[in-house]
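**Student:** Following this line is target21.cif, made up of mmCIF, C-alpha atoms:
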data_target
loop_
_atom_site.label_atom_id
_atom_site.label_comp_id
_atom_site.auth_asym_id
_atom_site.auth_seq_id
_atom_site.Cartn_x
_atom_site.Cartn_y
_atom_site.Cartn_z
CA MET A 1 0.00 0.00 0.00
CA THR A 2 2.49 2.63 1.12
CA SER A 3 5.01 1.73 -1.52
CA TRP A 4 2.34 2.08 -4.17
CA LEU A 5 1.13 5.42 -2.88
CA THR A 6 4.60 6.85 -2.50
CA GLY A 7 5.32 6.02 -6.09
CA GLN A 8 7.93 3.47 -5.27
CA PRO A 9 7.93 0.71 -7.90
CA PHE A 10 6.73 -1.80 -5.34
CA TYR A 11 6.02 -4.36 -8.05
CA LEU A 12 9.72 -4.66 -8.61
CA SER A 13 10.37 -5.15 -4.93
CA GLN A 14 7.57 -7.67 -4.76
CA ASP A 15 9.01 -9.48 -7.73
CA MET A 16 12.43 -9.44 -6.14
CA CYS A 17 10.90 -10.70 -2.95
CA ILE A 18 9.38 -13.65 -4.79
CA ILE A 19 12.71 -14.36 -6.48
CA VAL A 20 14.53 -14.19 -3.15
CA VAL A 21 11.98 -16.57 -1.60
CA LEU A 22 12.29 -18.99 -4.50
CA MET A 23 16.07 -18.79 -4.37
CA SER A 24 16.13 -19.43 -0.65
CA LEU A 25 13.74 -22.35 -0.98
CA ASN A 26 15.81 -23.94 -3.73
CA ASP A 27 19.03 -23.14 -2.00
CA SER A 28 21.45 -26.01 -1.80
CA SER A 29 21.96 -25.26 1.89
CA LEU A 30 18.27 -25.89 2.48
CA ILE A 31 18.45 -29.18 0.61
CA ALA A 32 21.50 -30.11 2.64
CA LEU A 33 19.66 -29.20 5.83
CA VAL A 34 16.70 -31.32 4.81
CA GLN A 35 18.98 -34.24 4.00
CA LYS A 36 20.65 -33.95 7.39
CA ALA A 37 17.28 -33.83 9.11
CA LYS A 38 16.15 -36.86 7.12
CA GLY A 39 19.18 -38.68 8.45
CA GLY A 40 17.95 -38.04 11.99
CA ASP A 41 19.92 -34.87 12.72
CA SER A 42 17.61 -33.12 15.17
CA ALA A 43 19.70 -29.94 15.16
CA ALA A 44 19.15 -29.66 11.39
CA PHE A 45 15.42 -30.09 11.88
CA ASP A 46 15.50 -27.43 14.59
CA ASP A 47 16.97 -25.05 11.99
CA LEU A 48 14.27 -26.02 9.51
CA TYR A 49 11.38 -25.31 11.81
CA ARG A 50 12.89 -22.01 12.94
CA GLN A 51 13.04 -21.05 9.27
CA PHE A 52 9.54 -22.23 8.38
CA MET A 53 7.61 -21.75 11.62
CA THR A 54 6.29 -18.31 10.65
CA PRO A 55 5.01 -19.17 7.15
CA ILE A 56 3.36 -22.28 8.53
CA PHE A 57 1.80 -20.31 11.37
CA ARG A 58 0.45 -17.77 8.86
CA PHE A 59 -0.86 -20.50 6.62
CA VAL A 60 -2.74 -22.06 9.54
CA PHE A 61 -3.83 -18.82 11.19
CA ILE A 62 -5.45 -17.40 8.07
CA ARG A 63 -7.51 -20.56 7.80
CA VAL A 64 -8.47 -21.30 11.41
CA ARG A 65 -8.68 -17.63 12.44
CA ASN A 66 -7.79 -18.39 16.04
CA ARG A 67 -4.33 -17.71 17.44
CA ALA A 68 -4.30 -20.42 20.11
CA ASP A 69 -5.51 -23.08 17.68
CA ALA A 70 -3.08 -21.87 15.04
CA GLU A 71 -0.16 -22.22 17.43
CA ASP A 72 -1.25 -25.70 18.47
CA LEU A 73 -1.65 -26.72 14.84
CA THR A 74 1.73 -25.25 13.90
CA GLN A 75 3.33 -27.46 16.53
CA THR A 76 1.38 -30.44 15.26
CA VAL A 77 2.57 -29.78 11.70
CA PHE A 78 6.21 -29.86 12.75
CA VAL A 79 5.81 -32.94 14.88
CA LYS A 80 4.12 -34.69 11.94
CA ALA A 81 6.85 -33.43 9.61
CA TRP A 82 9.54 -34.81 11.90
CA ASN A 83 7.89 -38.21 11.90
CA ALA A 84 7.22 -38.21 8.14
CA LEU A 85 10.56 -36.73 7.10
CA PRO A 86 12.11 -40.03 5.99
CA ARG A 87 9.36 -40.26 3.33
CA PHE A 88 9.94 -36.73 2.00
CA ASP A 89 11.51 -36.62 -1.46
CA ASP A 90 13.11 -33.26 -2.22
CA ARG A 91 13.34 -34.15 -5.91
CA GLU A 92 9.56 -34.17 -6.16
CA GLU A 93 8.55 -31.11 -4.17
CA ARG A 94 9.80 -28.17 -2.22
CA PHE A 95 10.10 -28.57 1.50
CA LEU A 96 7.77 -25.64 2.18
CA ALA A 97 5.12 -27.02 -0.19
CA TRP A 98 5.41 -30.35 1.61
CA LEU A 99 4.94 -28.61 4.97
CA TYR A 100 1.91 -26.76 3.58
CA THR A 101 0.37 -30.08 2.54
CA ILE A 102 0.83 -31.42 6.08
CA ALA A 103 -0.61 -28.18 7.46
CA ARG A 104 -3.59 -28.36 5.13
CA ASN A 105 -4.39 -31.93 6.18
CA SER A 106 -3.97 -30.99 9.84
CA ILE A 107 -6.42 -28.12 9.39
CA ILE A 108 -8.95 -30.44 7.76
CA ASP A 109 -8.64 -32.80 10.74
CA HIS A 110 -8.96 -29.81 13.05
CA TRP A 111 -12.21 -28.70 11.42
CA LYS A 112 -13.63 -32.19 11.69
CA LYS A 113 -12.94 -32.28 15.43
CA LYS A 114 -13.76 -28.69 16.28
CA LYS A 115 -16.78 -27.44 14.41
CA ASP A 116 -17.75 -24.76 16.95
CA LEU A 117 -14.59 -22.72 16.41
CA ILE A 118 -14.80 -19.10 17.51
CA PRO A 119 -12.65 -16.85 15.30
CA ASP A 120 -10.48 -14.24 16.96
CA ASP A 121 -11.37 -10.58 16.81
CA PRO A 122 -9.66 -8.97 13.77
CA ASP A 123 -7.53 -6.89 16.15
CA VAL A 124 -6.14 -10.07 17.61
CA PHE A 125 -5.88 -11.59 14.16
CA PHE A 126 -3.43 -8.99 12.97
CA ALA A 127 -1.74 -8.44 16.30
CA THR A 128 1.99 -8.14 15.92
CA ARG A 129 4.56 -8.74 18.61
CA GLU A 130 4.53 -5.04 19.44
CA ALA A 131 0.76 -4.71 19.10
CA PRO A 132 -0.24 -4.14 22.74
CA ASP A 133 1.22 -0.65 22.53
CA ARG A 134 -1.35 0.70 20.14
CA THR A 135 0.12 3.67 18.32
CA GLU A 136 -1.74 5.66 15.70
CA ARG A 137 0.30 4.04 12.98
CA LEU A 138 -0.52 0.56 14.17
CA ALA A 139 -4.20 1.45 14.40
CA GLU A 140 -4.11 2.69 10.83
CA GLN A 141 -2.24 -0.39 9.76
CA ASN A 142 -4.73 -2.60 11.54
CA GLU A 143 -7.62 -0.80 9.88
CA ALA A 144 -6.07 -1.43 6.46
CA SER A 145 -5.39 -5.03 7.40
CA ARG A 146 -8.98 -5.47 8.50
CA LEU A 147 -10.19 -4.17 5.17
CA VAL A 148 -7.87 -6.45 3.24
CA TYR A 149 -8.85 -9.40 5.36
CA GLY A 150 -12.53 -8.49 5.03
CA ALA A 151 -12.20 -8.42 1.24
CA LEU A 152 -10.37 -11.74 1.26
CA THR A 153 -13.01 -13.41 3.42
CA SER A 154 -15.75 -12.07 1.17
CA LEU A 155 -14.43 -14.31 -1.62
CA GLY A 156 -15.80 -17.79 -2.17
CA ASP A 157 -14.01 -20.70 -0.51
CA ASP A 158 -12.19 -21.78 -3.66
CA GLN A 159 -11.12 -18.27 -4.58
CA ARG A 160 -9.93 -17.46 -1.07
CA GLU A 161 -7.95 -20.68 -0.79
CA ILE A 162 -6.24 -20.28 -4.18
CA MET A 163 -5.50 -16.59 -3.65
CA THR A 164 -4.02 -17.32 -0.25
CA LEU A 165 -1.90 -20.19 -1.53
CA LYS A 166 -0.61 -18.05 -4.39
CA PHE A 167 -0.15 -14.55 -3.04
CA ILE A 168 0.29 -15.13 0.69
CA ASP A 169 1.86 -18.56 0.93
CA GLY A 170 3.90 -18.06 -2.26
CA LEU A 171 3.21 -21.40 -3.94
CA THR A 172 3.50 -21.85 -7.68
CA ASN A 173 0.40 -22.71 -9.69
CA LYS A 174 1.81 -26.18 -10.25
CA GLU A 175 2.10 -26.71 -6.48
CA ILE A 176 -1.40 -25.33 -5.94
CA ALA A 177 -2.70 -27.67 -8.63
CA LYS A 178 -1.10 -30.62 -6.88
CA MET A 179 -2.45 -29.57 -3.53
CA THR A 180 -6.00 -28.76 -4.59
CA GLY A 181 -6.44 -31.28 -7.38
CA LYS A 182 -7.34 -28.58 -9.91
CA SER A 183 -5.73 -27.93 -13.29
CA GLU A 184 -3.34 -25.00 -13.70
CA PRO A 185 -5.61 -23.17 -16.21
CA ALA A 186 -8.52 -23.55 -13.76
CA ILE A 187 -6.36 -22.10 -11.02
CA ARG A 188 -5.33 -19.13 -13.16
CA GLN A 189 -8.97 -18.50 -14.01
CA VAL A 190 -9.89 -18.41 -10.33
CA GLN A 191 -6.95 -16.08 -9.61
CA SER A 192 -7.89 -13.82 -12.49
CA ARG A 193 -11.48 -13.35 -11.29
CA ALA A 194 -10.51 -12.99 -7.64
CA LEU A 195 -7.82 -10.41 -8.42
CA LYS A 196 -10.30 -8.32 -10.38
CA SER A 197 -12.81 -8.51 -7.57
CA LEU A 198 -10.24 -7.62 -4.90
CA ARG A 199 -8.82 -4.80 -7.00
CA ALA A 200 -12.26 -3.19 -7.14
CA GLU A 201 -12.70 -3.62 -3.38
CA PHE A 202 -9.27 -2.19 -2.57
CA LYS A 203 -9.79 0.75 -4.89
CA ASN A 204 -13.10 1.55 -3.21
CA ASN A 205 -11.31 1.62 0.15
CA ASN A 206 -8.39 3.66 -1.19
CA LEU A 207 -5.99 0.88 -0.40
CA ILE A 208 -4.41 0.97 -3.83
CA MET B 1 -3.47 5.32 -18.33
CA ASN B 2 -5.06 3.63 -21.29
CA LYS B 3 -8.74 2.94 -21.68
CA ASN B 4 -8.34 -0.69 -22.79
CA GLU B 5 -10.20 -3.17 -20.68
CA LEU B 6 -8.16 -5.95 -19.17
CA THR B 7 -9.85 -9.13 -20.36
CA GLU B 8 -9.65 -12.46 -18.57
CA ASP B 9 -7.63 -13.89 -21.44
CA ILE B 10 -4.98 -11.21 -21.07
CA LEU B 11 -4.94 -11.54 -17.32
CA ASP B 12 -4.64 -15.31 -17.65
CA LYS B 13 -1.61 -14.84 -19.91
CA VAL B 14 -0.11 -12.33 -17.48
CA LEU B 15 -0.58 -14.69 -14.53
CA MET B 16 0.94 -17.55 -16.49
CA LEU B 17 4.01 -15.46 -17.32
CA HIS B 18 4.33 -14.35 -13.72
CA ASP B 19 4.03 -17.90 -12.48
CA GLN B 20 6.77 -18.95 -14.90
CA GLY B 21 9.09 -16.40 -13.35
CA THR B 22 8.80 -13.47 -15.75
CA SER B 23 9.44 -10.26 -13.88
CA VAL B 24 6.65 -7.74 -13.34
CA SER B 25 8.55 -5.05 -15.24
CA ASP B 26 8.94 -7.37 -18.24
CA ILE B 27 5.25 -8.22 -18.13
CA LEU B 28 4.31 -4.54 -18.03
CA SER B 29 6.51 -3.84 -21.00
CA MET B 30 4.91 -6.72 -22.87
CA PHE B 31 1.42 -5.28 -22.35
CA PRO B 32 1.86 -1.50 -22.37
CA GLU B 33 -1.79 -0.91 -23.29
CA TYR B 34 -2.87 -2.56 -20.03
CA SER B 35 -0.08 -1.30 -17.82
CA GLY B 36 -2.38 0.84 -15.64
CA GLU B 37 -4.74 -1.99 -14.86
CA LEU B 38 -1.95 -4.48 -14.51
CA LYS B 39 -0.20 -2.28 -11.95
CA GLU B 40 -3.40 -2.28 -9.90
CA ILE B 41 -3.64 -6.04 -10.19
CA PHE B 42 -0.06 -6.48 -8.99
CA ALA B 43 -0.69 -3.94 -6.24
CA THR B 44 -3.65 -6.01 -5.10
CA ALA B 45 -1.54 -9.16 -4.97
CA HIS B 46 1.25 -7.30 -3.19
CA LEU B 47 -1.16 -5.92 -0.59
CA LEU B 48 -2.40 -9.41 0.21
CA GLY B 49 1.14 -10.61 0.85
CA GLU B 50 2.09 -7.54 2.87
CA THR B 51 -1.00 -7.80 5.04
CA ALA B 52 -0.29 -11.43 5.80
CA LYS B 53 3.24 -10.51 6.89
CA GLN B 54 1.72 -8.74 9.88
CA ILE B 55 0.60 -12.10 11.16
CA GLU B 56 3.35 -13.38 13.38
CA PRO B 57 3.45 -16.22 15.85
CA SER B 58 4.12 -15.50 19.49
CA LEU B 59 7.70 -15.78 20.66
CA LYS B 60 6.79 -18.64 22.97
CA LEU B 61 5.77 -20.77 19.97
CA SER B 62 9.35 -21.50 19.00
CA GLY B 63 10.14 -22.67 22.51
CA SER B 64 7.08 -24.84 22.80
CA ILE B 65 7.83 -26.53 19.49
CA VAL B 66 11.30 -27.35 20.76
CA THR B 67 9.80 -28.80 23.91
CA LYS B 68 7.25 -30.82 22.01
CA LEU B 69 9.80 -32.20 19.58
CA ASN B 70 12.23 -32.99 22.38
CA GLY B 71 9.48 -34.86 24.18
CA LYS B 72 8.73 -36.80 21.02
CA ARG B 73 12.39 -37.53 20.44
CA SER B 74 12.97 -38.72 24.01
CA ILE B 75 9.98 -41.01 23.69
CA LYS B 76 11.38 -42.29 20.41
CA GLU B 77 14.87 -42.74 21.79
CA GLY B 78 13.73 -44.24 25.11
CA SER B 79 11.02 -46.46 23.78
CA PHE B 80 11.55 -50.21 23.50
CA VAL B 81 10.13 -51.84 20.42
CA PHE B 82 9.41 -55.47 21.16
CA PRO B 83 11.06 -57.63 18.47
CA TRP B 84 8.02 -59.69 17.57
CA ARG B 85 9.54 -60.85 14.30
CA VAL B 86 12.35 -62.56 16.17
CA VAL B 87 10.58 -63.58 19.33
CA LEU B 88 7.56 -65.22 17.72
CA PRO B 89 9.40 -67.86 15.63
CA VAL B 90 11.93 -68.52 18.40
CA GLY B 91 9.11 -68.84 20.92
CA ALA B 92 7.22 -71.21 18.65
CA MET B 93 10.34 -73.35 18.23
CA ALA B 94 10.97 -73.34 21.97
CA LEU B 95 7.37 -74.36 22.64
CA LEU B 96 7.65 -77.17 20.10
CA LEU B 97 10.88 -78.34 21.68
CA VAL B 98 9.36 -78.32 25.16
CA THR B 99 6.32 -80.26 23.93
CA VAL B 100 8.47 -82.90 22.24
CA THR B 101 10.76 -83.21 25.26
CA LEU B 102 7.80 -83.49 27.61
CA GLY B 103 6.27 -86.13 25.36
CA GLN B 104 9.48 -88.15 25.46
CA PHE B 105 9.70 -87.74 29.21
CA ARG B 106 6.15 -89.01 29.69
CA SER B 107 6.69 -91.99 27.40
CA SER B 108 9.81 -92.89 29.37
CA THR B 109 7.82 -92.91 32.61
CA VAL B 110 5.08 -95.18 31.21
CA VAL B 111 5.89 -98.73 32.13
CA ASN B 112 4.31 -101.84 30.76
CA GLU B 113 2.28 -104.26 32.80
CA ASP B 114 5.19 -106.60 33.48
CA GLN B 115 7.37 -103.82 34.72
CA THR B 116 4.56 -102.53 36.90
CA VAL B 117 4.03 -105.87 38.54
CA ALA B 118 7.75 -106.27 38.99
CA PHE B 119 7.92 -102.95 40.65
CA ILE B 120 5.08 -103.81 42.98
CA ASP B 121 6.94 -106.87 44.06
CA ASN B 122 10.06 -104.85 44.50
CA GLN B 123 8.22 -102.35 46.57
CA ASP B 124 6.82 -105.11 48.78
CA ASP B 125 10.30 -106.39 49.10
CA LEU B 126 11.63 -102.98 49.99
CA THR B 127 8.94 -102.65 52.61
CA LYS B 128 9.93 -105.98 54.04
CA LYS B 129 13.56 -104.86 53.99
CA SER B 130 12.75 -101.73 55.86
CA ARG B 131 10.91 -103.79 58.47
CA GLY B 132 13.94 -106.07 58.77
CA THR B 133 12.14 -109.10 57.42
CA ALA B 134 13.67 -109.21 54.00
CA ALA B 135 15.39 -112.27 52.74
CA PRO B 136 19.13 -112.08 52.09
CA GLU B 137 19.90 -110.33 48.81
CA ASP B 138 21.48 -113.35 47.14
CA THR B 139 18.30 -115.39 47.55
CA ALA B 140 15.85 -112.56 46.76
CA ALA B 141 17.29 -111.61 43.40
CA PRO B 142 15.99 -114.55 41.35
CA ALA B 143 12.55 -114.28 42.93
CA ILE B 144 11.93 -110.87 41.40
CA SER B 145 12.98 -111.64 37.87
CA LEU B 146 10.59 -109.93 35.41
CA VAL B 147 10.47 -113.02 33.26
CA ASN B 148 9.27 -115.30 36.02
CA ILE B 149 6.52 -113.12 37.34
CA LYS B 150 3.13 -113.65 35.68
CA LEU B 151 0.15 -112.01 37.24
CA THR B 152 -3.39 -111.83 36.00
CA VAL B 153 -5.55 -108.72 36.08
CA ALA B 154 -7.38 -110.16 39.05
CA GLU B 155 -4.15 -110.56 40.86
CA ILE B 156 -3.25 -106.99 40.09
CA ASP B 157 -6.57 -105.88 41.57
CA GLN B 158 -5.82 -107.90 44.62
CA GLU B 159 -2.45 -106.21 44.88
CA GLU B 160 -4.15 -102.83 44.68
CA GLN B 161 -6.39 -103.73 47.58
CA ASP B 162 -3.39 -104.89 49.54
CA ILE B 163 -1.54 -101.67 48.94
CA ASP B 164 -4.69 -99.70 49.90
CA PHE B 165 -3.54 -96.21 49.09
CA GLY B 166 -6.99 -94.93 48.06
CA GLY B 167 -6.34 -94.26 44.38
CA THR B 168 -5.78 -96.08 41.12
CA MET B 169 -2.58 -97.71 40.17
CA ASP B 170 -1.91 -95.09 37.56
CA ASP B 171 -2.35 -92.30 40.07
CA PHE B 172 -0.14 -94.08 42.46
CA PHE B 173 2.74 -94.51 40.07
CA LEU B 174 2.50 -91.18 38.32
CA ASP B 175 2.09 -89.16 41.46
CA GLU B 176 4.16 -90.95 43.99
CA PHE B 177 7.27 -91.92 42.09
CA SER B 178 9.66 -90.13 39.85
CA THR B 179 11.56 -91.89 37.09
CA ALA B 180 14.69 -91.59 39.15
CA GLU B 181 13.09 -93.37 42.07
CA ILE B 182 11.85 -96.16 39.83
CA ASP B 183 15.27 -96.55 38.28
CA THR B 184 16.90 -96.58 41.70
CA ALA B 185 14.51 -99.18 42.94
CA LEU B 186 15.00 -101.40 39.93
CA ALA B 187 18.73 -101.01 40.09
CA GLU B 188 18.80 -102.33 43.62
CA PHE B 189 17.37 -105.63 42.50
#
Can you dump the structure from the file as C-alpha cells?

**Tutor:**
Amino acid sequence: MTSWLTGQPFYLSQDMCIIVVLMSLNDSSLIALVQKAKGGDSAAFDDLYRQFMTPIFRFVFIRVRNRADAEDLTQTVFVKAWNALPRFDDREERFLAWLYTIARNSIIDHWKKKKDLIPDDPDVFFATREAPDRTERLAEQNEASRLVYGALTSLGDDQREIMTLKFIDGLTNKEIAKMTGKSEPAIRQVQSRALKSLRAEFKNNNLI
Amino acid sequence: MNKNELTEDILDKVLMLHDQGTSVSDILSMFPEYSGELKEIFATAHLLGETAKQIEPSLKLSGSIVTKLNGKRSIKEGSFVFPWRVVLPVGAMALLLVTVTLGQFRSSTVVNEDQTVAFIDNQDDLTKKSRGTAAPEDTAAPAISLVNIKLTVAEIDQEEQDIDFGGTMDDFFLDEFSTAEIDTALAEF
C-alpha cells in the first residue's frame, strides 16, 4: 500500500521478494539441511522449523482464524513433519510445499474435530509482537489489514484458498494444482477473477 | 493510463508469465496498453502478501515446538520396540521343543504291565527290607525276575487292595514316584 502510494515501484520489490523466496527455498543449503534432518539430525530439523515456523503459522492462522488453535496446529505440523521426514523426497517437491500439505491436512482434521470454532477478533488476528502498545500508525495499519482481510473473506471458498496459496503462501500454480487437485488453467482462471474482484474492493477503500 | 479493458484472457496470460518467473517489469513492457490496470492487479496481490506478513506467531511458539519435539524424540529414543519378528518364531520353536521333550519324558515314565508288577513286588520287598524281614539279597534276586513273574488282572486288583492307598494304580505310580526313584529301585534288584 504505502510503496504504491509513494510512487515506489513496489512491483519490482515484490518481484524481487518472490525471487529471493524462491532462491532461498531452492538453496542447496536448504536441501543439505533437509537431508541432514532426514538422516535423523535433530539440530538440522530445529533449523528447519525455525526457518519455516512463521510461514506455517500464517498458513494455519489465516484458515483457522484463532491464534491459540493456530499455534497448536503449527506445533502439530512440525511434529508430523519430523515423523514423516524419511518419506519426503526433495526431488519431487519443495520442502515448504510439503509442509503446507501437512498443514492443510492438519487443518482439515482440526475442522472435523472442532466445528464450533470461535474466530479471533480482527484486532487479535493482525496483532503483531509489538501490538499491545497501540500507536496511531498501528491502528491505521490494523484498519487497512482489517479491510484487506474483510475483502479476502468475502471471496468464495475456492477463490480465497487459491488466492491465499498463491499470493500469501507463495506457492506456484503447479504446487497449488497438486495440492488442490485442480488444473493450472482452472487455477489461473480463479486467480484472475478474484484479483479483479479484490482490486475493485481495494480501490473503493483507497488501499491501492 | 489507457482505456483498454483488461480481459480475462490477457490476465490469464499475465498470470501464467508471472508464475513462470517473468518479472513484473517485463510483463508490463509486454502489455503497455494494459499497464495501468496491470499495476493495480499487482498492487492487489502485493497488498495481500504484505498484510499477511503482519501475522506473526508469538515468541513462545518457537520454545514450545522445541519442547514438544524434544518430548517426542525422548519417547522415540527411550522407547523399546518389542522384536516380535524374532521372538515369535523362536518362541514357537521353543514351545515345540518343550512339547516334544515333555512327550518323550512321559513316554519314558510309562511302564508296561510286566514292569509294573515287577515294581510292585520290588516295593513289597523294599517294605519288608525296611521292616527287617527281607530275605538275604542273594536269595531274593531270582525271585523278582521280570520273566518269572506272571500275574493276571485279578491278581493286580488284589495287589491294589493290599496296597490300599486310596487311588488307582496309575495315580499311584505317576504321582508318587519319579523316574529316578523307579530306576533306583529297579537297580537295587

**Student:** Select all residues near (2.2, -6.6, -20.4) (cut-off 12 Å, inclusive, file coordinates), counting all atoms listed in the file, and output them as number ranges by chain.

**Tutor:** B: 6, 10-18, 22-39, 41-42

**Student:** Which residues are close to Thr44 in chain B, i.e. within 10 Å by all atoms listed in the file, leaving aside same-chain residues fewer than 4 positions away? Reply as number ranges by chain.

**Tutor:** A: 1, 148, 167, 195-203, 207-208; B: 38-40, 48-50

**Student:** I need the output of the PyMOL selection byres ((chain A and resi 68-76) around 8) for this file as a list in words; which residues are they?

**Tutor:**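 Selected by the PyMOL selection byres ((chain A and resi 68-76) around 8) in this file: Met53, Ile56, Phe57, Val60, Phe61, Val64, Arg65, Asn66, Arg67, Val77, Phe78, Val79, Lys80, Ala103, Ser106 and Ile107 of chain A; Pro57, Leu61, Ser64, Ile65 and Lys68 of chain B.
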
**Student:** Which is closest to chain B among A:Thr153, A:Asn105, A:Gln189, A:Ser183, if we use only C-alpha atoms?

**Tutor:**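 Result for the nearest residue to chain B: A:Gln189.
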
**Student:** Suppose you want the space between CA of Gln159 in chain A and CA of Ala194 in chain A; what is it in Å?

**Tutor:**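 CA of Gln159 in chain A sits 6.1 Å away from CA of Ala194 in chain A.
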
**Student:** Separation of CA of Thr180 in chain A and CA of Asp47 in chain A, in Å?

**Tutor:**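 Straight-line distance from CA of Thr180 in chain A to CA of Asp47 in chain A works out to 28.6 Å.
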
**Student:** Considering all atoms listed in the file, state which residue in the set A:Ser28, A:Asn142, A:Thr101, A:Thr164 is at the smallest distance from Arg63 in chain A.

**Tutor:** A:Thr164

**Student:** Apply the PyMOL selection byres ((chain A and resi 86) around 9) to the structure shown and report the selected residues as a list in words.

**Tutor:**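 When the PyMOL selection byres ((chain A and resi 86) around 9) is applied to the shown file, the picked residues are Ala37, Lys38, Gly39, Gly40, Trp82, Asn83, Ala84, Leu85, Arg87, Phe88 and Asp89 of chain A.
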
**Student:** Would you mind reading off the distance between CA of Leu48 in chain A and CA of Ile176 in chain A, one decimal, in Å?

**Tutor:**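 Computing the Euclidean distance for CA of Leu48 in chain A and CA of Ile176 in chain A yields 22.0 Å.
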
**Student:** My list of candidates is A:Gln51, A:Phe95, A:Lys112, A:Gly181. Which is closest to chain B when distances are computed with all atoms listed in the file?

**Tutor:**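 Among the listed residues, the smallest separation from chain B belongs to A:Gln51.
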
**Student:** Which residue is closest to Leu165 in chain A? Choose from A:Ile108, A:Leu147, A:Leu99, A:Met179 and count all atoms listed in the file.

**Tutor:**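 Closest to Leu165 in chain A of all the choices is A:Met179.
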
**Student:** Can range 191-203 of chain A be brought up to N, CA and C atoms and written out as an mmCIF file, in the coordinates of the input?

**Tutor:**
data_model
loop_
_atom_site.group_PDB
_atom_site.id
_atom_site.type_symbol
_atom_site.label_atom_id
_atom_site.label_comp_id
_atom_site.auth_asym_id
_atom_site.auth_seq_id
_atom_site.Cartn_x
_atom_site.Cartn_y
_atom_site.Cartn_z
ATOM 1 N N GLN A 191 -7.792 -17.206 -10.037
ATOM 2 C CA GLN A 191 -6.950 -16.080 -9.610
ATOM 3 C C GLN A 191 -7.326 -14.803 -10.356
ATOM 4 N N SER A 192 -7.557 -14.960 -11.644
ATOM 5 C CA SER A 192 -7.890 -13.820 -12.490
ATOM 6 C C SER A 192 -9.169 -13.123 -11.990
ATOM 7 N N ARG A 193 -10.195 -13.908 -11.738
ATOM 8 C CA ARG A 193 -11.480 -13.350 -11.290
ATOM 9 C C ARG A 193 -11.362 -12.745 -9.896
ATOM 10 N N ALA A 194 -10.648 -13.467 -9.025
ATOM 11 C CA ALA A 194 -10.510 -12.990 -7.640
ATOM 12 C C ALA A 194 -9.695 -11.699 -7.594
ATOM 13 N N LEU A 195 -8.650 -11.628 -8.411
ATOM 14 C CA LEU A 195 -7.820 -10.410 -8.420
ATOM 15 C C LEU A 195 -8.631 -9.205 -8.894
ATOM 16 N N LYS A 196 -9.463 -9.418 -9.879
ATOM 17 C CA LYS A 196 -10.300 -8.320 -10.380
ATOM 18 C C LYS A 196 -11.274 -7.856 -9.301
ATOM 19 N N SER A 197 -11.848 -8.825 -8.626
ATOM 20 C CA SER A 197 -12.810 -8.510 -7.570
ATOM 21 C C SER A 197 -12.128 -7.765 -6.408
ATOM 22 N N LEU A 198 -10.963 -8.256 -6.010
ATOM 23 C CA LEU A 198 -10.240 -7.620 -4.900
ATOM 24 C C LEU A 198 -9.738 -6.229 -5.291
ATOM 25 N N ARG A 199 -9.315 -6.101 -6.536
ATOM 26 C CA ARG A 199 -8.820 -4.800 -7.000
ATOM 27 C C ARG A 199 -9.919 -3.754 -6.854
ATOM 28 N N ALA A 200 -11.131 -4.122 -7.257
ATOM 29 C CA ALA A 200 -12.260 -3.190 -7.140
ATOM 30 C C ALA A 200 -12.519 -2.830 -5.677
ATOM 31 N N GLU A 201 -12.458 -3.823 -4.815
ATOM 32 C CA GLU A 201 -12.700 -3.620 -3.380
ATOM 33 C C GLU A 201 -11.619 -2.713 -2.770
ATOM 34 N N PHE A 202 -10.383 -2.971 -3.125
ATOM 35 C CA PHE A 202 -9.270 -2.190 -2.570
ATOM 36 C C PHE A 202 -9.302 -0.749 -3.082
ATOM 37 N N LYS A 203 -9.708 -0.604 -4.330
ATOM 38 C CA LYS A 203 -9.790 0.750 -4.890
ATOM 39 C C LYS A 203 -10.887 1.551 -4.179
#
